[in-house]
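Colleague: Pasting coords_7.pdb here (PDB, C-alpha atoms, pLDDT in the B column):
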ATOM      1  CA  MET A  22     -35.846   9.285 -41.081  1.00 58.00           C
ATOM      2  CA  ILE A  23     -32.224   8.335 -40.333  1.00 59.00           C
ATOM      3  CA  MET A  24     -31.354  12.003 -39.823  1.00 54.00           C
ATOM      4  CA  ARG A  25     -34.222  12.378 -37.355  1.00 53.00           C
ATOM      5  CA  ILE A  26     -33.081   9.340 -35.370  1.00 51.00           C
ATOM      6  CA  SER A  27     -29.476  10.606 -35.377  1.00 53.00           C
ATOM      7  CA  PHE A  28     -30.614  14.012 -34.171  1.00 49.00           C
ATOM      8  CA  LEU A  29     -32.715  12.418 -31.416  1.00 48.00           C
ATOM      9  CA  LEU A  30     -29.789  10.269 -30.247  1.00 49.00           C
ATOM     10  CA  ALA A  31     -27.460  13.287 -30.234  1.00 52.00           C
ATOM     11  CA  PHE A  32     -30.026  15.262 -28.244  1.00 47.00           C
ATOM     12  CA  LEU A  33     -30.411  12.466 -25.675  1.00 47.00           C
ATOM     13  CA  ILE A  34     -26.625  12.201 -25.291  1.00 47.00           C
ATOM     14  CA  TYR A  35     -26.437  15.976 -24.784  1.00 46.00           C
ATOM     15  CA  ILE A  36     -29.119  15.802 -22.082  1.00 45.00           C
ATOM     16  CA  CYS A  37     -27.241  12.990 -20.311  1.00 47.00           C
ATOM     17  CA  LEU A  38     -24.001  14.967 -20.389  1.00 44.00           C
ATOM     18  CA  CYS A  39     -25.732  18.050 -19.001  1.00 48.00           C
ATOM     19  CA  ARG A  40     -27.036  15.966 -16.105  1.00 48.00           C
ATOM     20  CA  ALA A  41     -23.610  14.439 -15.356  1.00 50.00           C
ATOM     21  CA  LYS A  42     -23.405  16.015 -11.914  1.00 62.00           C
ATOM     22  CA  ASP A  43     -24.695  15.401  -8.420  1.00 70.00           C
ATOM     23  CA  THR A  44     -28.417  14.667  -8.392  1.00 67.00           C
ATOM     24  CA  ASP A  45     -30.597  17.663  -7.564  1.00 68.00           C
ATOM     25  CA  ASN A  46     -32.223  17.541  -4.134  1.00 65.00           C
ATOM     26  CA  LEU A  47     -35.960  16.858  -3.978  1.00 62.00           C
ATOM     27  CA  TYR A  48     -36.413  18.226  -0.450  1.00 73.00           C
ATOM     28  CA  ASP A  49     -35.534  21.555   1.148  1.00 82.00           C
ATOM     29  CA  ILE A  50     -33.198  19.784   3.556  1.00 86.00           C
ATOM     30  CA  CYS A  51     -31.898  16.207   3.779  1.00 88.00           C
ATOM     31  CA  PRO A  52     -29.187  15.710   6.442  1.00 88.00           C
ATOM     32  CA  THR A  53     -27.312  12.414   6.218  1.00 86.00           C
ATOM     33  CA  ASP A  54     -28.733   9.503   8.167  1.00 86.00           C
ATOM     34  CA  THR A  55     -25.535   7.897   9.498  1.00 80.00           C
ATOM     35  CA  THR A  56     -27.388   5.079  11.268  1.00 81.00           C
ATOM     36  CA  ARG A  57     -28.077   3.135   8.067  1.00 74.00           C
ATOM     37  CA  LYS A  58     -24.807   1.298   7.487  1.00 69.00           C
ATOM     38  CA  ASN A  59     -26.164  -1.371   5.131  1.00 70.00           C
ATOM     39  CA  VAL A  60     -28.008   0.880   2.649  1.00 70.00           C
ATOM     40  CA  PHE A  61     -26.154   1.309  -0.648  1.00 66.00           C
ATOM     41  CA  ILE A  62     -27.351   4.178  -2.845  1.00 70.00           C
ATOM     42  CA  ASN A  63     -25.755   6.917  -4.944  1.00 68.00           C
ATOM     43  CA  GLY A  64     -25.383   9.326  -2.029  1.00 75.00           C
ATOM     44  CA  TYR A  65     -26.739   9.040   1.496  1.00 87.00           C
ATOM     45  CA  PRO A  66     -30.251   8.448   2.871  1.00 89.00           C
ATOM     46  CA  CYS A  67     -32.015  11.310   4.622  1.00 90.00           C
ATOM     47  CA  LYS A  68     -32.688  11.562   8.336  1.00 91.00           C
ATOM     48  CA  ASN A  69     -36.201  11.344   9.631  1.00 92.00           C
ATOM     49  CA  PRO A  70     -37.537  14.930   9.292  1.00 92.00           C
ATOM     50  CA  ALA A  71     -38.680  14.773  12.911  1.00 94.00           C
ATOM     51  CA  GLU A  72     -35.075  14.193  14.023  1.00 94.00           C
ATOM     52  CA  ILE A  73     -33.444  17.037  12.073  1.00 95.00           C
ATOM     53  CA  THR A  74     -31.902  19.783  14.231  1.00 96.00           C
ATOM     54  CA  VAL A  75     -29.967  22.968  13.576  1.00 97.00           C
ATOM     55  CA  SER A  76     -26.784  21.128  14.593  1.00 96.00           C
ATOM     56  CA  ASP A  77     -26.998  19.188  11.322  1.00 96.00           C
ATOM     57  CA  PHE A  78     -26.134  22.404   9.472  1.00 96.00           C
ATOM     58  CA  LYS A  79     -23.081  23.442  11.491  1.00 97.00           C
ATOM     59  CA  SER A  80     -19.583  21.922  11.437  1.00 96.00           C
ATOM     60  CA  SER A  81     -16.314  22.716  13.202  1.00 96.00           C
ATOM     61  CA  GLY A  82     -14.364  20.333  10.988  1.00 96.00           C
ATOM     62  CA  LEU A  83     -12.277  23.128   9.474  1.00 97.00           C
ATOM     63  CA  SER A  84     -11.680  25.129  12.640  1.00 96.00           C
ATOM     64  CA  LYS A  85      -8.354  23.565  13.635  1.00 96.00           C
ATOM     65  CA  GLU A  86      -4.989  23.765  11.914  1.00 96.00           C
ATOM     66  CA  GLY A  87      -3.913  20.508  10.265  1.00 97.00           C
ATOM     67  CA  ASP A  88      -0.715  18.585  10.966  1.00 96.00           C
ATOM     68  CA  THR A  89       1.980  19.760   8.518  1.00 96.00           C
ATOM     69  CA  ASP A  90       4.760  17.656  10.046  1.00 95.00           C
ATOM     70  CA  ASN A  91       5.320  15.560   6.919  1.00 92.00           C
ATOM     71  CA  PHE A  92       7.423  15.496   3.766  1.00 87.00           C
ATOM     72  CA  GLN A  93       5.147  17.873   1.835  1.00 90.00           C
ATOM     73  CA  ARG A  94       4.791  20.184   4.860  1.00 94.00           C
ATOM     74  CA  SER A  95       1.068  20.461   4.199  1.00 96.00           C
ATOM     75  CA  SER A  96      -2.264  19.163   5.439  1.00 97.00           C
ATOM     76  CA  THR A  97      -5.673  18.999   3.790  1.00 97.00           C
ATOM     77  CA  ILE A  98      -8.895  18.302   5.676  1.00 97.00           C
ATOM     78  CA  LEU A  99     -11.861  17.433   3.455  1.00 97.00           C
ATOM     79  CA  VAL A 100     -15.360  17.537   4.943  1.00 96.00           C
ATOM     80  CA  THR A 101     -18.067  15.796   2.938  1.00 95.00           C
ATOM     81  CA  ALA A 102     -21.669  14.801   3.597  1.00 92.00           C
ATOM     82  CA  ALA A 103     -20.343  11.711   5.369  1.00 90.00           C
ATOM     83  CA  LYS A 104     -19.044  13.951   8.187  1.00 93.00           C
ATOM     84  CA  PHE A 105     -21.165  17.082   7.761  1.00 95.00           C
ATOM     85  CA  SER A 106     -24.706  15.785   7.396  1.00 94.00           C
ATOM     86  CA  GLY A 107     -26.214  19.110   6.317  1.00 94.00           C
ATOM     87  CA  LEU A 108     -24.289  18.895   3.016  1.00 94.00           C
ATOM     88  CA  ASN A 109     -26.240  15.865   1.858  1.00 92.00           C
ATOM     89  CA  THR A 110     -27.961  16.366  -1.567  1.00 90.00           C
ATOM     90  CA  LEU A 111     -26.544  19.906  -1.892  1.00 92.00           C
ATOM     91  CA  GLY A 112     -23.681  18.924  -4.214  1.00 92.00           C
ATOM     92  CA  LEU A 113     -21.034  20.538  -2.008  1.00 94.00           C
ATOM     93  CA  SER A 114     -17.962  19.653   0.032  1.00 96.00           C
ATOM     94  CA  VAL A 115     -15.603  21.933   1.933  1.00 97.00           C
ATOM     95  CA  ALA A 116     -11.910  21.685   2.706  1.00 97.00           C
ATOM     96  CA  ARG A 117      -9.084  23.359   4.570  1.00 98.00           C
ATOM     97  CA  THR A 118      -5.450  23.232   3.460  1.00 98.00           C
ATOM     98  CA  ASP A 119      -2.609  24.355   5.722  1.00 98.00           C
ATOM     99  CA  LEU A 120       0.777  24.978   4.136  1.00 98.00           C
ATOM    100  CA  ASP A 121       3.838  25.398   6.318  1.00 97.00           C
ATOM    101  CA  ILE A 122       6.798  27.393   4.983  1.00 95.00           C
ATOM    102  CA  ASP A 123       7.874  25.644   1.740  1.00 92.00           C
ATOM    103  CA  GLY A 124       4.756  23.478   1.988  1.00 95.00           C
ATOM    104  CA  VAL A 125       3.353  21.893  -1.171  1.00 94.00           C
ATOM    105  CA  VAL A 126       0.145  20.198  -2.290  1.00 94.00           C
ATOM    106  CA  ALA A 127       1.320  17.929  -5.110  1.00 91.00           C
ATOM    107  CA  PRO A 128      -0.599  17.720  -8.420  1.00 92.00           C
ATOM    108  CA  HIS A 129      -3.934  15.974  -8.019  1.00 94.00           C
ATOM    109  CA  ALA A 130      -7.432  16.067  -9.482  1.00 96.00           C
ATOM    110  CA  HIS A 131     -11.043  15.799  -8.369  1.00 96.00           C
ATOM    111  CA  PRO A 132     -12.856  13.822 -11.087  1.00 95.00           C
ATOM    112  CA  ARG A 133     -16.318  14.848  -9.910  1.00 94.00           C
ATOM    113  CA  ALA A 134     -15.864  18.464  -8.821  1.00 96.00           C
ATOM    114  CA  SER A 135     -14.656  21.943  -9.632  1.00 97.00           C
ATOM    115  CA  GLU A 136     -12.915  23.725  -6.766  1.00 98.00           C
ATOM    116  CA  MET A 137     -13.040  27.327  -5.560  1.00 97.00           C
ATOM    117  CA  MET A 138     -10.068  28.215  -3.365  1.00 97.00           C
ATOM    118  CA  PHE A 139     -10.072  31.147  -0.927  1.00 97.00           C
ATOM    119  CA  VAL A 140      -6.831  32.242   0.728  1.00 97.00           C
ATOM    120  CA  GLY A 141      -7.513  32.954   4.385  1.00 97.00           C
ATOM    121  CA  LYS A 142      -3.917  33.564   5.389  1.00 97.00           C
ATOM    122  CA  GLY A 143      -0.485  33.898   3.783  1.00 98.00           C
ATOM    123  CA  ILE A 144       0.740  33.906   0.191  1.00 97.00           C
ATOM    124  CA  VAL A 145       0.042  30.899  -2.007  1.00 97.00           C
ATOM    125  CA  ILE A 146       0.928  29.956  -5.562  1.00 96.00           C
ATOM    126  CA  ALA A 147      -1.861  27.905  -7.134  1.00 96.00           C
ATOM    127  CA  GLY A 148      -2.217  26.514 -10.607  1.00 95.00           C
ATOM    128  CA  PHE A 149      -3.927  23.972 -12.806  1.00 96.00           C
ATOM    129  CA  ILE A 150      -3.011  22.187 -16.027  1.00 94.00           C
ATOM    130  CA  ASP A 151      -5.453  21.846 -18.911  1.00 94.00           C
ATOM    131  CA  THR A 152      -5.728  19.017 -21.441  1.00 93.00           C
ATOM    132  CA  LYS A 153      -3.295  20.838 -23.764  1.00 93.00           C
ATOM    133  CA  SER A 154      -0.619  20.760 -21.029  1.00 90.00           C
ATOM    134  CA  GLN A 155      -0.860  24.526 -20.560  1.00 93.00           C
ATOM    135  CA  VAL A 156      -0.287  25.751 -17.022  1.00 92.00           C
ATOM    136  CA  PHE A 157      -2.506  28.448 -15.512  1.00 95.00           C
ATOM    137  CA  GLN A 158      -0.715  29.678 -12.407  1.00 95.00           C
ATOM    138  CA  LYS A 159      -1.195  32.674 -10.141  1.00 96.00           C
ATOM    139  CA  THR A 160       0.200  34.075  -6.905  1.00 96.00           C
ATOM    140  CA  LEU A 161      -2.635  34.533  -4.411  1.00 98.00           C
ATOM    141  CA  LYS A 162      -2.744  36.737  -1.341  1.00 97.00           C
ATOM    142  CA  GLU A 163      -5.110  36.868   1.604  1.00 97.00           C
ATOM    143  CA  GLY A 164      -8.678  37.299   0.383  1.00 96.00           C
ATOM    144  CA  ASP A 165      -7.976  36.137  -3.186  1.00 97.00           C
ATOM    145  CA  VAL A 166     -10.094  33.473  -4.871  1.00 97.00           C
ATOM    146  CA  PHE A 167      -8.913  30.956  -7.477  1.00 98.00           C
ATOM    147  CA  ILE A 168     -11.029  28.546  -9.548  1.00 97.00           C
ATOM    148  CA  VAL A 169      -9.957  25.051 -10.628  1.00 98.00           C
ATOM    149  CA  PRO A 170     -12.170  23.493 -13.331  1.00 97.00           C
ATOM    150  CA  ARG A 171     -13.549  20.028 -12.758  1.00 96.00           C
ATOM    151  CA  GLY A 172     -11.216  17.084 -13.276  1.00 95.00           C
ATOM    152  CA  LEU A 173      -8.047  19.081 -14.061  1.00 96.00           C
ATOM    153  CA  LEU A 174      -4.705  18.531 -12.358  1.00 95.00           C
ATOM    154  CA  HIS A 175      -3.947  21.289  -9.871  1.00 96.00           C
ATOM    155  CA  TYR A 176      -1.445  22.111  -7.153  1.00 95.00           C
ATOM    156  CA  SER A 177      -0.513  24.789  -4.631  1.00 96.00           C
ATOM    157  CA  LEU A 178       2.489  25.821  -2.559  1.00 95.00           C
ATOM    158  CA  ASN A 179       3.383  28.310   0.135  1.00 96.00           C
ATOM    159  CA  SER A 180       5.239  31.249  -1.389  1.00 94.00           C
ATOM    160  CA  GLY A 181       5.496  33.298   1.809  1.00 96.00           C
ATOM    161  CA  PHE A 182       7.385  33.231   5.085  1.00 96.00           C
ATOM    162  CA  GLU A 183       4.560  32.145   7.382  1.00 97.00           C
ATOM    163  CA  LEU A 184       1.914  29.440   7.574  1.00 97.00           C
ATOM    164  CA  ALA A 185      -0.649  29.756   4.781  1.00 98.00           C
ATOM    165  CA  THR A 186      -4.257  28.594   5.007  1.00 98.00           C
ATOM    166  CA  VAL A 187      -6.594  27.978   2.073  1.00 98.00           C
ATOM    167  CA  TYR A 188     -10.301  27.167   2.315  1.00 98.00           C
ATOM    168  CA  SER A 189     -12.049  25.419  -0.565  1.00 97.00           C
ATOM    169  CA  VAL A 190     -15.569  24.688  -1.717  1.00 97.00           C
ATOM    170  CA  LEU A 191     -16.000  21.769  -4.126  1.00 97.00           C
ATOM    171  CA  SER A 192     -19.001  21.243  -6.373  1.00 95.00           C
ATOM    172  CA  SER A 193     -19.764  17.673  -5.321  1.00 94.00           C
ATOM    173  CA  GLN A 194     -20.595  16.009  -2.032  1.00 91.00           C
ATOM    174  CA  ASN A 195     -18.112  13.298  -3.044  1.00 91.00           C
ATOM    175  CA  PRO A 196     -15.494  14.998  -5.264  1.00 94.00           C
ATOM    176  CA  GLY A 197     -13.050  12.096  -5.391  1.00 93.00           C
ATOM    177  CA  LEU A 198      -9.265  12.391  -5.373  1.00 93.00           C
ATOM    178  CA  VAL A 199      -6.666  11.235  -7.882  1.00 92.00           C
ATOM    179  CA  SER A 200      -3.191  11.854  -6.464  1.00 87.00           C
ATOM    180  CA  ILE A 201      -0.509  11.718  -9.142  1.00 78.00           C
ATOM    181  CA  SER A 202       2.421  11.462  -6.734  1.00 67.00           C
ATOM    182  CA  ASP A 203       0.812   8.711  -4.654  1.00 62.00           C
ATOM    183  CA  ALA A 204      -0.295   6.783  -7.733  1.00 55.00           C
ATOM    184  CA  MET A 205       3.116   6.855  -9.401  1.00 53.00           C
ATOM    185  CA  PHE A 206       5.527   6.910  -6.493  1.00 50.00           C
ATOM    186  CA  ALA A 207       3.529   5.371  -3.606  1.00 52.00           C
ATOM    187  CA  PRO A 208       2.583   7.471  -0.532  1.00 53.00           C
ATOM    188  CA  VAL A 209       6.104   7.405   0.881  1.00 54.00           C
ATOM    189  CA  VAL A 210       9.107   9.679   0.475  1.00 53.00           C
ATOM    190  CA  SER A 211      11.071   8.652  -2.612  1.00 53.00           C
ATOM    191  CA  GLU A 212      13.621  10.207  -4.955  1.00 58.00           C
ATOM    192  CA  PRO A 213      11.062  10.688  -7.786  1.00 56.00           C
ATOM    193  CA  LYS A 214       8.736  12.383  -5.312  1.00 54.00           C
ATOM    194  CA  LYS A 215      11.529  14.709  -4.179  1.00 59.00           C
ATOM    195  CA  GLU A 216      12.248  15.508  -7.823  1.00 61.00           C
ATOM    196  CA  LEU A 217       8.567  16.357  -8.369  1.00 59.00           C
ATOM    197  CA  MET A 218       8.625  18.778  -5.439  1.00 59.00           C
ATOM    198  CA  LYS A 219      11.752  20.469  -6.820  1.00 64.00           C
ATOM    199  CA  LYS A 220      10.115  20.920 -10.212  1.00 61.00           C
ATOM    200  CA  LEU A 221       7.027  22.449  -8.632  1.00 64.00           C
ATOM    201  CA  PHE A 222       9.114  25.012  -6.794  1.00 62.00           C
ATOM    202  CA  SER A 223      11.246  25.752  -9.859  1.00 66.00           C
ATOM    203  CA  ARG A 224       8.127  26.367 -11.943  1.00 59.00           C
ATOM    204  CA  SER A 225       6.681  28.635  -9.283  1.00 60.00           C
ATOM    205  CA  ALA A 226       9.661  30.940  -9.805  1.00 60.00           C
ATOM    206  CA  LEU A 227       8.710  31.401 -13.477  1.00 52.00           C
ATOM    207  CA  GLY A 228       6.174  33.913 -14.703  1.00 50.00           C
ATOM    208  CA  THR A 229       3.027  32.425 -16.208  1.00 45.00           C
ATOM    209  CA  ASP A 230       4.042  33.737 -19.635  1.00 41.00           C
ATOM    210  CA  GLN A 231       7.160  31.592 -19.464  1.00 41.00           C
ATOM    211  CA  ILE A 232       5.253  28.377 -18.787  1.00 43.00           C
ATOM    212  CA  LYS A 233       4.029  26.808 -21.998  1.00 46.00           C
ATOM    213  CA  ASN A 234       4.153  23.054 -21.510  1.00 46.00           C
ATOM    214  CA  ALA A 235       3.927  21.284 -18.159  1.00 46.00           C
ATOM    215  CA  THR A 236       6.325  18.351 -17.864  1.00 47.00           C
ATOM    216  CA  PHE A 237       6.561  17.153 -14.285  1.00 46.00           C
ATOM    217  CA  TYR A 238       8.000  13.715 -15.021  1.00 40.00           C
ATOM    218  CA  ARG A 239      10.886  12.510 -17.116  1.00 37.00           C
TER
END
Let's see the structure in the file written out as structure tokens.

Modeller:
Amino acid sequence: MIMRISFLLAFLIYICLCRAKDTDNLYDICPTDTTRKNVFINGYPCKNPAEITVSDFKSSGLSKEGDTDNFQRSSTILVTAAKFSGLNTLGLSVARTDLDIDGVVAPHAHPRASEMMFVGKGIVIAGFIDTKSQVFQKTLKEGDVFIVPRGLLHYSLNSGFELATVYSVLSSQNPGLVSISDAMFAPVVSEPKKELMKKLFSRSALGTDQIKNATFYR
């Protein structure tokens, strides 16, 4: 009897873990209703079906180059269901990252999403770090695709001599963002932050076979 109960509990836990993702949509389409400011649910309410138009499924949010005039020489624009109503209930977000020459996206993670990166322009080094501190890093060229598993630290940097642009699709309509550099050093230029950038560039010069353990901080 005890074994049966234990098996049932284990099975229920397994089912819960398998469903630990964005809720499946119950309608064909469900654009975000942005008029309801005081409704608090896990996601966004749907628009009245009679008010849905084709414009709900088109966005120009990624059409313009971001401002890279900053310390990291990079810009990331994330478009979620809050801005692109057609994404609501689909479990997706999209992003654009522009990297100026020597531009860097510091290590960060998306706790609720995996990320598929597509290089639209330039040469980019991208990598992620698993829970065993092993670095998986690759040089990407125009047209290449790179996958970052859900919740893992990842980073990218411009390895070419021109502006690089990366487009991403994330597997959640609210992927979340945990920025290591901002959390530890505050979102301002500091000596530890400069040291982190130097280490990223020094590691990018190594072959992946030479990178065994990732140690970004002293």

Colleague: For a test of reading the model, state the distance in Å between atom CA of Phe78 of chain A and atom CA of Ser135 of chain A, rounded to one decimal.

Modeller: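 One can read the atom CA of Phe78 of chain A to atom CA of Ser135 of chain A distance as 22.3 Å.
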
Colleague: Rounded to one decimal in Å, what is the spacing between atom CA of Phe157 of chain A and atom CA of Ile144 of chain A?

Modeller: 16.9 Å

Colleague: What does the PyMOL selection byres ((chain A and resi 163) around 6) select in this file, as a count of residues only?

Modeller: 7

Colleague: Can you tell me, as a VMD selection string, what residues are no more than 9 Å from segment 61-77 of chain A when counting only C-alpha atoms, ignoring any on the same chain fewer than 6 positions away?

Modeller: chain A and resid 43 to 44 50 to 55 102 to 103 105 to 110 194 to 195

Colleague: I'd like the neighbourhood of Val190 of chain A as a PyMOL selection string, where a residue qualifies if any of its atoms comes within 9 Å (using all atoms listed in the file), though same-chain residues fewer than 6 positions away should be ignored.

Modeller: chain A and resi 113-116+135-139
